[in-house]
Amino acid sequence: GGDFPAIADTSTADIVATQFVFTALPTDAGATNGDVVSGTAFKTQPVLQAQDADGQIDTHFTDTVSLTTDAGGVLSGTTSLQATGGVAAFTDVTYTATEDGQSFALVAADQAGGSGGDLPDANSGDRIADIVATRIAFATLPAHSGVVNSDVLSGIAFETQPLLQATDDNGQIDRDTAGSLTLEVSTGSVALIGTNAVAWSGGQVDFAGSGLGVTTANDGSVFALGATSGDLTEATTG
């Protein structure tokens, strides 16, 4: 018989993951003093890939991937999900800081004993959580000691001066708040005396030393103080 060409068996090359790699880190353009906004879902969500040493994706990797943090804040949202095609793309993860400018990192781990083997944990590196104020809050209300029939005395500076804070919706102080805050009275029968506008400092406005007080011709006049500053939600003493 004649010679026939040899027929080669087909072969496949399997990419086997040996590492996790963050291909997208959490970011938010609204975090002017950091990387993400505290208490708000990351605008750019973390994405991880299961890769081999050459950076190739193991598309057969389908283990559950979980995110934790090494810092004192709280990580919330869907922090565990099953990888698809070697990729774990998170959608609603949020970090809530305990203080403005808090540094944190995300740590990604796959399920122990999963089909993809146990890969080393991946670390996002340091991220900075920026607390962005949305509202004003009274931390201290104006008062005088020993006043029997009301809260304050007419015609003299408050003994206890108001202290206000710029906070986010979780009550955390935004230390980077700029500009000034203005106090006004709610009724025409009461007038303010002293300085009623003070600049923010470290996320607070302290009227100590301002000589702020009220005066009225009517004993027992009821009033409220309202606080305004830029586009922050106003506050009132009630």
# chains A, B, ... in the order shown; residues from 1 in each chain; ligands from 1

call {"tool": "residues_around", "arguments": {"residues": "A:Ala197", "least_positions_apart": "3", "cutoff": "8 Å", "atoms": "only C-alpha atoms", "output": "PDB file with C-alpha atoms, in the first residue's frame"}}
result
ATOM      1  CA  SER A 180     -19.011  79.477  56.756  1.00  0.00           C
ATOM      2  CA  LEU A 181     -22.246  78.831  58.618  1.00  0.00           C
ATOM      3  CA  THR A 182     -24.933  81.394  59.445  1.00  0.00           C
ATOM      4  CA  LEU A 183     -27.485  81.316  62.254  1.00  0.00           C
TER       5      LEU A 183
END

call {"tool": "residues_around", "arguments": {"residues": "A:Gly39", "least_positions_apart": "6", "cutoff": "8 Å", "atoms": "only C-alpha atoms", "output": "ChimeraX atom specification"}}
result
/A:94-97,131,170

call {"tool": "select_by_dssp", "arguments": {"residues": "stretch 14-231 of chain A", "states": "strand (DSSP E or B)", "output": "ChimeraX atom specification"}}
result
/A:19-24,27,36-37,41,44,47-51,57,64-69,74-76,80-82,84,87-89,94-96,102-104,106-110,122-123,127-130,135-140,143,154,157,160,163-167,173,180-185,190-193,197-199,201,204-206,213-216,225-228

call {"tool": "residues_around", "arguments": {"residues": "stretch 21-36 of chain A", "least_positions_apart": "3", "cutoff": "8 Å", "atoms": "only C-alpha atoms", "output": "list of chain:residue names"}}
result
A:Phe42, A:Lys43, A:Thr44, A:Gln45, A:Pro46, A:Val47, A:Leu48, A:Gln49, A:Ala50, A:Gln51, A:Gly101, A:Ala122, A:Asn123, A:Ser124, A:Arg127, A:Ile128, A:Ala129, A:Asp130, A:Ile131, A:Val132, A:Asp176

call {"tool": "residues_around", "arguments": {"residues": "A:Ala143", "least_positions_apart": "4", "cutoff": "12 Å", "atoms": "only C-alpha atoms", "output": "list in words"}}
result
Val147, Val148, Ser150, Asp151, Val152, Leu153, Ser154, Ile156, Ala157, Phe158, Glu159, Thr160, Gln161, Pro162, Leu163, Leu212, Gly213, Val214 and Thr237 of chain A

call {"tool": "atom_distance", "arguments": {"atom1": "atom CA of A:Leu81", "atom2": "atom CA of A:Val65"}}
result
5.6 Å

call {"tool": "residues_around", "arguments": {"residues": "A:Gly226", "least_positions_apart": "5", "cutoff": "6 Å", "atoms": "only C-alpha atoms", "output": "mmCIF file with C-alpha atoms, in the first residue's frame"}}
result
data_model
loop_
_atom_site.group_PDB
_atom_site.id
_atom_site.type_symbol
_atom_site.label_atom_id
_atom_site.label_comp_id
_atom_site.auth_asym_id
_atom_site.auth_seq_id
_atom_site.Cartn_x
_atom_site.Cartn_y
_atom_site.Cartn_z
ATOM 1 C CA LEU A 183 -27.485 81.316 62.254
ATOM 2 C CA GLU A 184 -30.850 83.098 62.046
ATOM 3 C CA ALA A 235 -30.594 72.399 60.883
ATOM 4 C CA THR A 236 -32.838 73.920 63.546
#

call {"tool": "residues_around", "arguments": {"residues": "stretch 115-120 of chain A", "least_positions_apart": "6", "cutoff": "6 Å", "atoms": "only C-alpha atoms", "output": "MDAnalysis selection string"}}
result
chainID A and resid 18:19 61

call {"tool": "closest_residue", "arguments": {"among": "A:Val185, A:Ala191, A:Leu67, A:Ala227", "to": "A:Ala108", "atoms": "only C-alpha atoms"}}
result
A:Leu67
